[in-house]
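**Student:** Handing over start.pdb, PDB, C-alpha atoms, pLDDT in the B column.
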```pdb
ATOM      1  CA  MET A   1       7.908  67.748-120.452  1.00 78.00           C
ATOM      2  CA  THR A   2       8.885  70.312-117.853  1.00 86.00           C
ATOM      3  CA  LEU A   3      10.876  73.388-118.796  1.00 86.00           C
ATOM      4  CA  GLU A   4      13.797  72.010-116.775  1.00 89.00           C
ATOM      5  CA  ALA A   5      13.740  68.753-118.704  1.00 90.00           C
ATOM      6  CA  GLU A   6      13.503  70.534-122.041  1.00 88.00           C
ATOM      7  CA  LEU A   7      16.420  72.783-121.142  1.00 89.00           C
ATOM      8  CA  ALA A   8      18.470  69.815-119.960  1.00 90.00           C
ATOM      9  CA  ALA A   9      17.926  68.242-123.366  1.00 89.00           C
ATOM     10  CA  LEU A  10      19.284  71.389-125.006  1.00 89.00           C
ATOM     11  CA  ARG A  11      22.468  71.467-122.973  1.00 91.00           C
ATOM     12  CA  GLN A  12      24.651  69.638-125.516  1.00 88.00           C
ATOM     13  CA  PRO A  13      23.713  71.722-128.582  1.00 85.00           C
ATOM     14  CA  LEU A  14      24.052  74.917-126.543  1.00 88.00           C
ATOM     15  CA  LEU A  15      27.474  73.771-125.309  1.00 89.00           C
ATOM     16  CA  ARG A  16      28.623  73.055-128.851  1.00 83.00           C
ATOM     17  CA  PHE A  17      27.463  76.499-129.933  1.00 80.00           C
ATOM     18  CA  ALA A  18      29.224  78.243-127.043  1.00 85.00           C
ATOM     19  CA  SER A  19      32.429  76.187-127.414  1.00 83.00           C
ATOM     20  CA  MET A  20      32.773  77.115-131.062  1.00 77.00           C
ATOM     21  CA  GLN A  21      32.886  80.761-130.161  1.00 78.00           C
ATOM     22  CA  LEU A  22      34.627  80.836-126.807  1.00 81.00           C
ATOM     23  CA  ARG A  23      37.165  78.049-127.404  1.00 77.00           C
ATOM     24  CA  ASN A  24      37.275  77.437-123.702  1.00 83.00           C
ATOM     25  CA  ALA A  25      35.353  74.504-122.269  1.00 87.00           C
ATOM     26  CA  ALA A  26      35.017  75.943-118.758  1.00 90.00           C
ATOM     27  CA  LEU A  27      33.783  79.300-120.025  1.00 90.00           C
ATOM     28  CA  ALA A  28      31.357  77.586-122.365  1.00 92.00           C
ATOM     29  CA  GLU A  29      29.981  75.547-119.455  1.00 94.00           C
ATOM     30  CA  ASP A  30      29.556  78.686-117.348  1.00 93.00           C
ATOM     31  CA  VAL A  31      27.800  80.584-120.090  1.00 94.00           C
ATOM     32  CA  VAL A  32      25.426  77.733-120.871  1.00 95.00           C
ATOM     33  CA  SER A  33      24.608  77.310-117.191  1.00 94.00           C
ATOM     34  CA  GLU A  34      23.917  81.042-116.859  1.00 93.00           C
ATOM     35  CA  THR A  35      21.679  80.861-119.897  1.00 93.00           C
ATOM     36  CA  MET A  36      19.652  77.965-118.575  1.00 93.00           C
ATOM     37  CA  LEU A  37      19.319  79.603-115.162  1.00 92.00           C
ATOM     38  CA  ALA A  38      18.234  82.890-116.715  1.00 89.00           C
ATOM     39  CA  ILE A  39      15.477  81.132-118.603  1.00 88.00           C
ATOM     40  CA  LEU A  40      14.346  79.149-115.560  1.00 89.00           C
ATOM     41  CA  GLU A  41      14.264  82.305-113.451  1.00 87.00           C
ATOM     42  CA  ASN A  42      12.106  84.123-115.991  1.00 82.00           C
ATOM     43  CA  PRO A  43       9.960  81.422-117.570  1.00 78.00           C
ATOM     44  CA  LEU A  44       7.263  83.924-118.486  1.00 75.00           C
ATOM     45  CA  ARG A  45       9.596  85.688-120.927  1.00 74.00           C
ATOM     46  CA  PHE A  46       9.593  82.614-123.062  1.00 71.00           C
ATOM     47  CA  GLN A  47       5.951  82.226-123.884  1.00 69.00           C
ATOM     48  CA  GLY A  48       6.197  79.958-126.896  1.00 64.00           C
ATOM     49  CA  ARG A  49       6.950  82.837-129.214  1.00 60.00           C
ATOM     50  CA  SER A  50       9.516  80.613-130.852  1.00 69.00           C
ATOM     51  CA  THR A  51      10.876  77.209-130.018  1.00 78.00           C
ATOM     52  CA  LEU A  52      12.703  76.919-126.725  1.00 84.00           C
ATOM     53  CA  ARG A  53      15.861  76.070-128.678  1.00 81.00           C
ATOM     54  CA  THR A  54      15.676  79.275-130.706  1.00 78.00           C
ATOM     55  CA  TYR A  55      14.958  81.347-127.615  1.00 82.00           C
ATOM     56  CA  ALA A  56      17.737  79.714-125.582  1.00 86.00           C
ATOM     57  CA  THR A  57      20.233  80.231-128.402  1.00 83.00           C
ATOM     58  CA  GLY A  58      19.264  83.885-128.541  1.00 82.00           C
ATOM     59  CA  VAL A  59      19.891  84.330-124.824  1.00 86.00           C
ATOM     60  CA  LEU A  60      23.160  82.409-125.147  1.00 88.00           C
ATOM     61  CA  LYS A  61      24.361  84.595-128.001  1.00 84.00           C
ATOM     62  CA  PHE A  62      24.036  87.733-125.899  1.00 82.00           C
ATOM     63  CA  LYS A  63      25.903  86.128-123.029  1.00 86.00           C
ATOM     64  CA  VAL A  64      28.667  84.989-125.369  1.00 85.00           C
ATOM     65  CA  ILE A  65      28.970  88.525-126.730  1.00 80.00           C
ATOM     66  CA  ASP A  66      29.293  89.805-123.146  1.00 81.00           C
ATOM     67  CA  VAL A  67      32.082  87.349-122.425  1.00 83.00           C
ATOM     68  CA  LEU A  68      33.917  88.231-125.623  1.00 76.00           C
ATOM     69  CA  ARG A  69      33.543  91.913-124.823  1.00 71.00           C
ATOM     70  CA  ARG A  70      35.080  91.392-121.372  1.00 73.00           C
ATOM     71  CA  GLN A  71      37.873  89.263-122.811  1.00 69.00           C
ATOM     72  CA  GLY A  72      38.559  91.880-125.448  1.00 61.00           C
ATOM     73  CA  ARG A  73      38.932  94.572-122.814  1.00 54.00           C
ATOM     74  CA  GLU A  74      41.113  92.436-120.597  1.00 52.00           C
ATOM     75  CA  VAL A  75      43.319  90.777-123.125  1.00 47.00           C
ATOM     76  CA  GLY A  76      43.211  92.896-126.241  1.00 44.00           C
ATOM     77  CA  ILE A  77      44.483  91.709-129.575  1.00 46.00           C
ATOM     78  CA  ALA A  78      48.219  91.548-130.099  1.00 45.00           C
ATOM     79  CA  ALA A  79      49.452  93.742-132.891  1.00 40.00           C
ATOM     80  CA  ALA A  80      51.985  91.119-133.887  1.00 42.00           C
ATOM     81  CA  GLU A  81      51.079  89.448-137.155  1.00 44.00           C
ATOM     82  CA  ASP A  82      50.628  85.753-137.568  1.00 56.00           C
ATOM     83  CA  GLN A  83      53.551  85.326-139.880  1.00 62.00           C
ATOM     84  CA  SER A  84      52.775  81.928-141.267  1.00 64.00           C
ATOM     85  CA  LEU A  85      49.286  82.947-142.306  1.00 65.00           C
ATOM     86  CA  ASP A  86      50.618  86.153-143.848  1.00 71.00           C
ATOM     87  CA  ASP A  87      53.049  84.051-145.820  1.00 74.00           C
ATOM     88  CA  ALA A  88      50.277  81.674-146.846  1.00 76.00           C
ATOM     89  CA  ILE A  89      48.114  84.524-148.120  1.00 81.00           C
ATOM     90  CA  ASP A  90      51.089  86.166-149.830  1.00 83.00           C
ATOM     91  CA  ALA A  91      51.883  82.890-151.551  1.00 85.00           C
ATOM     92  CA  LEU A  92      48.478  82.947-153.260  1.00 90.00           C
ATOM     93  CA  PHE A  93      49.615  85.887-155.374  1.00 91.00           C
ATOM     94  CA  ASP A  94      52.624  86.469-157.575  1.00 89.00           C
ATOM     95  CA  ALA A  95      54.733  89.616-157.643  1.00 87.00           C
ATOM     96  CA  SER A  96      52.323  91.336-160.004  1.00 88.00           C
ATOM     97  CA  GLY A  97      49.373  90.678-157.704  1.00 89.00           C
ATOM     98  CA  HIS A  98      47.728  87.954-159.737  1.00 90.00           C
ATOM     99  CA  TYR A  99      46.857  84.487-158.508  1.00 93.00           C
ATOM    100  CA  THR A 100      49.656  81.964-158.752  1.00 90.00           C
ATOM    101  CA  GLU A 101      46.954  79.311-159.114  1.00 91.00           C
ATOM    102  CA  PRO A 102      43.757  80.930-160.360  1.00 93.00           C
ATOM    103  CA  PRO A 103      40.872  79.641-158.259  1.00 95.00           C
ATOM    104  CA  GLY A 104      38.497  77.455-160.244  1.00 94.00           C
ATOM    105  CA  ALA A 105      34.759  77.381-159.846  1.00 96.00           C
ATOM    106  CA  TRP A 106      33.139  75.143-157.262  1.00 96.00           C
ATOM    107  CA  GLN A 107      30.501  72.891-158.732  1.00 93.00           C
ATOM    108  CA  GLN A 108      27.070  73.411-157.171  1.00 93.00           C
ATOM    109  CA  PRO A 109      28.388  74.448-153.747  1.00 95.00           C
ATOM    110  CA  ASP A 110      24.889  74.907-152.325  1.00 94.00           C
ATOM    111  CA  ALA A 111      24.320  71.179-152.649  1.00 95.00           C
ATOM    112  CA  ALA A 112      27.075  70.703-150.059  1.00 95.00           C
ATOM    113  CA  LEU A 113      25.024  72.660-147.522  1.00 93.00           C
ATOM    114  CA  HIS A 114      22.737  69.631-147.245  1.00 91.00           C
ATOM    115  CA  GLN A 115      25.610  67.282-146.441  1.00 91.00           C
ATOM    116  CA  GLN A 116      26.550  66.730-142.825  1.00 89.00           C
ATOM    117  CA  GLN A 117      30.095  65.786-143.846  1.00 91.00           C
ATOM    118  CA  PHE A 118      30.492  69.163-145.520  1.00 94.00           C
ATOM    119  CA  MET A 119      29.259  71.031-142.458  1.00 91.00           C
ATOM    120  CA  ALA A 120      31.758  69.020-140.392  1.00 88.00           C
ATOM    121  CA  ALA A 121      34.533  69.946-142.833  1.00 91.00           C
ATOM    122  CA  LEU A 122      33.505  73.604-142.604  1.00 92.00           C
ATOM    123  CA  GLN A 123      33.611  73.430-138.840  1.00 87.00           C
ATOM    124  CA  ARG A 124      37.113  71.945-138.941  1.00 87.00           C
ATOM    125  CA  CYS A 125      38.242  74.719-141.280  1.00 90.00           C
ATOM    126  CA  ILE A 126      36.889  77.350-138.891  1.00 88.00           C
ATOM    127  CA  GLU A 127      38.587  75.634-135.968  1.00 82.00           C
ATOM    128  CA  GLY A 128      41.812  75.700-137.978  1.00 85.00           C
ATOM    129  CA  LEU A 129      41.869  79.490-138.023  1.00 85.00           C
ATOM    130  CA  PRO A 130      44.409  81.155-135.733  1.00 83.00           C
ATOM    131  CA  PRO A 131      42.570  82.221-132.551  1.00 78.00           C
ATOM    132  CA  ARG A 132      42.829  85.962-133.193  1.00 80.00           C
ATOM    133  CA  LEU A 133      41.401  85.650-136.688  1.00 87.00           C
ATOM    134  CA  ALA A 134      38.762  83.202-135.501  1.00 85.00           C
ATOM    135  CA  ARG A 135      37.635  85.665-132.840  1.00 83.00           C
ATOM    136  CA  VAL A 136      37.073  88.453-135.359  1.00 89.00           C
ATOM    137  CA  PHE A 137      35.602  86.177-138.006  1.00 91.00           C
ATOM    138  CA  MET A 138      33.166  84.505-135.623  1.00 87.00           C
ATOM    139  CA  ALA A 139      32.079  87.836-134.173  1.00 86.00           C
ATOM    140  CA  ARG A 140      31.310  89.049-137.687  1.00 91.00           C
ATOM    141  CA  GLU A 141      29.843  85.986-139.338  1.00 91.00           C
ATOM    142  CA  TRP A 142      28.434  83.946-136.475  1.00 83.00           C
ATOM    143  CA  LEU A 143      27.363  86.564-133.986  1.00 82.00           C
ATOM    144  CA  GLU A 144      26.650  88.971-136.861  1.00 86.00           C
ATOM    145  CA  GLN A 145      28.157  91.952-135.122  1.00 87.00           C
ATOM    146  CA  GLU A 146      29.051  95.035-137.136  1.00 90.00           C
ATOM    147  CA  VAL A 147      32.737  95.711-137.815  1.00 93.00           C
ATOM    148  CA  ASP A 148      32.674  98.967-135.808  1.00 91.00           C
ATOM    149  CA  GLU A 149      31.400  97.097-132.794  1.00 88.00           C
ATOM    150  CA  ILE A 150      34.009  94.350-133.120  1.00 87.00           C
ATOM    151  CA  CYS A 151      36.873  96.833-133.542  1.00 86.00           C
ATOM    152  CA  ALA A 152      35.736  98.853-130.546  1.00 84.00           C
ATOM    153  CA  GLU A 153      35.427  95.808-128.309  1.00 79.00           C
ATOM    154  CA  LEU A 154      38.819  94.477-129.253  1.00 79.00           C
ATOM    155  CA  GLY A 155      40.581  97.821-129.348  1.00 83.00           C
ATOM    156  CA  ILE A 156      41.817  97.456-132.909  1.00 86.00           C
ATOM    157  CA  THR A 157      41.527  99.784-135.870  1.00 88.00           C
ATOM    158  CA  ALA A 158      38.858  99.266-138.514  1.00 87.00           C
ATOM    159  CA  ASN A 159      41.612  98.693-141.038  1.00 88.00           C
ATOM    160  CA  ASN A 160      43.184  95.995-138.912  1.00 89.00           C
ATOM    161  CA  CYS A 161      39.774  94.374-138.472  1.00 91.00           C
ATOM    162  CA  GLY A 162      39.305  94.378-142.222  1.00 93.00           C
ATOM    163  CA  VAL A 163      42.694  92.799-142.811  1.00 92.00           C
ATOM    164  CA  MET A 164      41.940  90.065-140.294  1.00 92.00           C
ATOM    165  CA  LEU A 165      38.579  89.320-141.880  1.00 95.00           C
ATOM    166  CA  PHE A 166      40.217  89.182-145.302  1.00 95.00           C
ATOM    167  CA  ARG A 167      42.830  86.707-144.103  1.00 94.00           C
ATOM    168  CA  ALA A 168      40.248  84.575-142.324  1.00 94.00           C
ATOM    169  CA  ARG A 169      38.017  84.425-145.403  1.00 97.00           C
ATOM    170  CA  MET A 170      40.871  83.592-147.748  1.00 95.00           C
ATOM    171  CA  GLN A 171      42.151  80.876-145.451  1.00 93.00           C
ATOM    172  CA  LEU A 172      38.660  79.390-145.184  1.00 95.00           C
ATOM    173  CA  ARG A 173      38.341  79.486-148.947  1.00 96.00           C
ATOM    174  CA  GLU A 174      41.652  77.649-149.313  1.00 93.00           C
ATOM    175  CA  CYS A 175      40.711  75.137-146.647  1.00 93.00           C
ATOM    176  CA  LEU A 176      37.362  74.352-148.260  1.00 96.00           C
ATOM    177  CA  ASN A 177      38.931  74.252-151.699  1.00 94.00           C
ATOM    178  CA  GLN A 178      41.582  71.770-150.663  1.00 91.00           C
ATOM    179  CA  GLY A 179      39.460  69.870-148.186  1.00 91.00           C
ATOM    180  CA  TRP A 180      36.288  69.510-150.170  1.00 93.00           C
ATOM    181  CA  PHE A 181      35.660  71.104-153.536  1.00 94.00           C
ATOM    182  CA  ALA A 182      38.910  70.457-155.338  1.00 86.00           C
ATOM    183  CA  GLY A 183      39.150  66.914-154.032  1.00 67.00           C
ATOM    184  CA  ALA A 184      37.581  63.754-155.363  1.00 49.00           C
ATOM    185  CA  PRO A 185      34.015  64.209-156.617  1.00 49.00           C
ATOM    186  CA  ARG A 186      31.453  63.375-153.961  1.00 44.00           C
TER     187      ARG A 186
ATOM    188  CA  MET B   1      46.797 109.268-159.491  1.00 43.00           C
ATOM    189  CA  MET B   2      43.974 106.788-159.482  1.00 52.00           C
ATOM    190  CA  LYS B   3      44.803 103.296-160.634  1.00 57.00           C
ATOM    191  CA  PHE B   4      42.202 102.105-163.068  1.00 60.00           C
ATOM    192  CA  ARG B   5      43.170  98.497-163.169  1.00 76.00           C
ATOM    193  CA  LEU B   6      42.964  96.279-160.151  1.00 89.00           C
ATOM    194  CA  ARG B   7      45.208  93.342-159.542  1.00 93.00           C
ATOM    195  CA  CYS B   8      43.656  90.159-158.208  1.00 95.00           C
ATOM    196  CA  ARG B   9      45.090  90.677-154.762  1.00 94.00           C
ATOM    197  CA  GLU B  10      43.463  94.096-154.500  1.00 94.00           C
ATOM    198  CA  ALA B  11      40.241  92.736-155.954  1.00 96.00           C
ATOM    199  CA  SER B  12      40.132  89.978-153.358  1.00 96.00           C
ATOM    200  CA  GLU B  13      40.635  92.540-150.583  1.00 96.00           C
ATOM    201  CA  LEU B  14      37.756  94.583-151.972  1.00 97.00           C
ATOM    202  CA  LEU B  15      35.584  91.480-152.226  1.00 98.00           C
ATOM    203  CA  SER B  16      36.189  90.857-148.547  1.00 97.00           C
ATOM    204  CA  ARG B  17      35.577  94.493-147.629  1.00 96.00           C
ATOM    205  CA  ARG B  18      32.359  94.463-149.618  1.00 97.00           C
ATOM    206  CA  GLN B  19      31.003  91.834-147.261  1.00 97.00           C
ATOM    207  CA  ASP B  20      31.212  94.302-144.412  1.00 96.00           C
ATOM    208  CA  ALA B  21      30.329  97.673-145.906  1.00 95.00           C
ATOM    209  CA  ASP B  22      29.431  99.357-149.163  1.00 95.00           C
ATOM    210  CA  LEU B  23      32.476 100.199-151.233  1.00 95.00           C
ATOM    211  CA  HIS B  24      33.256 103.726-152.393  1.00 94.00           C
ATOM    212  CA  THR B  25      31.921 104.355-155.874  1.00 93.00           C
ATOM    213  CA  ALA B  26      35.372 104.284-157.471  1.00 93.00           C
ATOM    214  CA  ASP B  27      36.375 101.016-155.777  1.00 94.00           C
ATOM    215  CA  SER B  28      33.032  99.482-156.633  1.00 95.00           C
ATOM    216  CA  ALA B  29      33.397 100.410-160.290  1.00 94.00           C
ATOM    217  CA  ARG B  30      36.962  99.126-160.492  1.00 94.00           C
ATOM    218  CA  LEU B  31      35.952  95.887-158.827  1.00 96.00           C
ATOM    219  CA  ARG B  32      33.010  95.336-161.158  1.00 95.00           C
ATOM    220  CA  LEU B  33      35.263  95.966-164.144  1.00 94.00           C
ATOM    221  CA  HIS B  34      37.883  93.556-162.827  1.00 94.00           C
ATOM    222  CA  LEU B  35      35.274  90.858-162.158  1.00 95.00           C
ATOM    223  CA  ALA B  36      33.961  91.236-165.695  1.00 94.00           C
ATOM    224  CA  MET B  37      37.413  90.384-166.987  1.00 93.00           C
ATOM    225  CA  CYS B  38      38.710  87.915-164.427  1.00 94.00           C
ATOM    226  CA  ALA B  39      37.226  84.453-164.076  1.00 95.00           C
ATOM    227  CA  ALA B  40      39.386  83.622-161.046  1.00 96.00           C
ATOM    228  CA  CYS B  41      38.137  86.614-159.057  1.00 96.00           C
ATOM    229  CA  SER B  42      34.569  85.985-160.167  1.00 97.00           C
ATOM    230  CA  ASN B  43      34.926  82.488-158.752  1.00 97.00           C
ATOM    231  CA  VAL B  44      36.317  83.864-155.502  1.00 97.00           C
ATOM    232  CA  ALA B  45      33.454  86.384-155.298  1.00 98.00           C
ATOM    233  CA  ARG B  46      30.900  83.583-155.511  1.00 98.00           C
ATOM    234  CA  GLN B  47      32.878  81.453-153.083  1.00 98.00           C
ATOM    235  CA  LEU B  48      33.104  84.168-150.426  1.00 98.00           C
ATOM    236  CA  GLU B  49      29.357  84.669-150.660  1.00 97.00           C
ATOM    237  CA  PHE B  50      28.879  80.925-150.360  1.00 98.00           C
ATOM    238  CA  ILE B  51      31.133  80.779-147.297  1.00 97.00           C
ATOM    239  CA  ARG B  52      28.995  83.442-145.640  1.00 97.00           C
ATOM    240  CA  ARG B  53      25.838  81.416-146.328  1.00 95.00           C
ATOM    241  CA  ALA B  54      27.498  78.213-145.133  1.00 95.00           C
ATOM    242  CA  VAL B  55      28.709  79.711-141.859  1.00 92.00           C
ATOM    243  CA  ARG B  56      25.270  81.200-141.197  1.00 89.00           C
ATOM    244  CA  GLN B  57      23.725  77.821-141.781  1.00 88.00           C
ATOM    245  CA  LEU B  58      26.295  76.185-139.513  1.00 84.00           C
ATOM    246  CA  SER B  59      25.392  78.617-136.757  1.00 79.00           C
ATOM    247  CA  GLU B  60      21.735  77.801-137.253  1.00 75.00           C
ATOM    248  CA  ASP B  61      22.376  74.047-137.311  1.00 71.00           C
ATOM    249  CA  GLN B  62      24.447  74.272-134.153  1.00 62.00           C
ATOM    250  CA  GLY B  63      21.915  76.471-132.458  1.00 52.00           C
ATOM    251  CA  PRO B  64      18.242  76.774-133.168  1.00 42.00           C
ATOM    252  CA  LYS B  65      16.212  74.210-134.985  1.00 39.00           C
ATOM    253  CA  PRO B  66      12.774  75.664-135.606  1.00 34.00           C
TER     254      PRO B  66
END
```
Translate the structure of the given file into C-alpha cells.

**Tutor:**
Amino acid sequence: MTLEAELAALRQPLLRFASMQLRNAALAEDVVSETMLAILENPLRFQGRSTLRTYATGVLKFKVIDVLRRQGREVGIAAAEDQSLDDAIDALFDASGHYTEPPGAWQQPDAALHQQQFMAALQRCIEGLPPRLARVFMAREWLEQEVDEICAELGITANNCGVMLFRARMQLRECLNQGWFAGAPR
Amino acid sequence: MMKFRLRCREASELLSRRQDADLHTADSARLRLHLAMCAACSNVARQLEFIRRAVRQLSEDQGPKP
C-alpha cells in the first residue's frame, strides 16, 4: 500500500480526533489535510519508528494545539460564568459544604473501559460540556498540556483555569454517574 | 487561622487541583485526613482518577492504534 493510500485510510479517525477538540468541522478538515500533506511532503521523517497512525496523530496533535493557541489569542475566554453549570455544581453541596447526595462507589469501573458503549457514553458526556470548559478540559486531559501553558494561551488566570477544570471534572463525574454507573447494571 | 477540617466541597476542589499540581503540605495533609473519614470523597477521588484514565484511553482509541 502506498503512503498516500495508507493516509487516505486514516482520514476518518484523524477527523474524529480533530473534531472532538476543535468542535468545528471545517477547521478539523483543514487541520487533517495539513497533517496529511505534511507527512507526504516529508515521508522520510516517518521511517516506521511507530505505526503511521501513531505518527500521524502526533503531527495532528501539534497542529491542533497551534489552532487552539491562535483561537485563544483571537477570541479569549469570556470572564462571564456559565450560570447554569455553577448552579449545578452548587446544588451538589448543602450549605455546610457537604454532599447533598453522597456519591457512591462505582463497581469495577475499569471493566467499562473495555466496552465500546461506555466509551461512546464518555464521549457524549465530554461533548455535553459547555464549550469554554471543554476547551480547557480537553487541552489538559486530551492534549496533556500543563495548566500554565493553557492559562497563558487563553489569557486566563491559573485560578480561573483551576476552577474551570474542577467544574468540568465534576460535571463529567455526574454525567457518567447518571448515564452509566448509577443506572441499570450492565 | 488555619481550618483543620475540610468540607466536602473544599475536598473536591483539592482533589481536582491535585490532578494538575502537587498540593501544599498543609492542604495535602488536610485532604488525606478528610479522605480517611469521608467515604463519599474517597469515592470521588477514585472516580476522578478513573475519568482521567478513561479520557486518556478515549484519546488513544480515537487516535493511534499501535

**Student:** With all atoms listed in the file considered, list every residue of chain B at most 8 Å from chain A, as a PyMOL selection string.

**Tutor:** chain B and resi 7-10+13+16-17+20+40-41+43-44+47-48+50-52+54-59+62-66

**Student:** Could you tell me, as a tab-separated table (two decimals) with C-alpha atoms, keeping the file's coordinate frame, exactly which residues end up selected when the PyMOL selection byres ((chain B and resi 22-37) around 7) is applied to this structure?

**Tutor:**
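Produced file out-v7.tsv, reproduced below:
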```
chain	number	residue	atom	x	y	z
B	4	PHE	CA	42.20	102.10	-163.07
B	5	ARG	CA	43.17	98.50	-163.17
B	6	LEU	CA	42.96	96.28	-160.15
B	11	ALA	CA	40.24	92.74	-155.95
B	18	ARG	CA	32.36	94.46	-149.62
B	21	ALA	CA	30.33	97.67	-145.91
B	38	CYS	CA	38.71	87.92	-164.43
B	39	ALA	CA	37.23	84.45	-164.08
B	41	CYS	CA	38.14	86.61	-159.06
B	42	SER	CA	34.57	85.98	-160.17
```

**Student:** State, in Å with one decimal place, the distance from CA of Leu27 (chain A) to CA of Cys175 (chain A).

**Tutor:**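 These atoms are spaced 27.8 Å apart.
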
**Student:** Taking the file as shown, find all residues satisfying the PyMOL selection byres ((chain A and resi 1-6) around 10) and write them as a PyMOL selection string.

**Tutor:** chain A and resi 7-11+36-37+39-40+43+52-53

**Student:** Go ahead and compute the interatomic distance for CA of Ala182 (chain A) and CA of Asp86 (chain A), in Å to one decimal.

**Tutor:**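 Value for the CA of Ala182 (chain A)-CA of Asp86 (chain A) distance: 22.7 Å.
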
**Student:** Check what the PyMOL selection byres ((chain A and resi 130) around 12) selects in the file above and give those residues as a PyMOL selection string.

**Tutor:** chain A and resi 23+81-86+125-129+131-138+164-165+167-168+171-172

**Student:** Kindly give the distance, in Å, that separates CA of Arg46 (chain B) and CA of Phe181 (chain A), rounded to a single decimal.

**Tutor:**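 Result for CA of Arg46 (chain B) versus CA of Phe181 (chain A): 13.5 Å, one decimal.
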
**Student:** What box, with edges along x, y and z, holds each listed atom of region 27-34 of chain B when 3 Å is added on every side, and can you state its centre and edge lengths in Å to one decimal, as JSON?

**Tutor:**
```
{"center_x": 35.4, "center_y": 97.3, "center_z": -160.0, "size_x": 10.9, "size_y": 13.5, "size_z": 14.4}
```
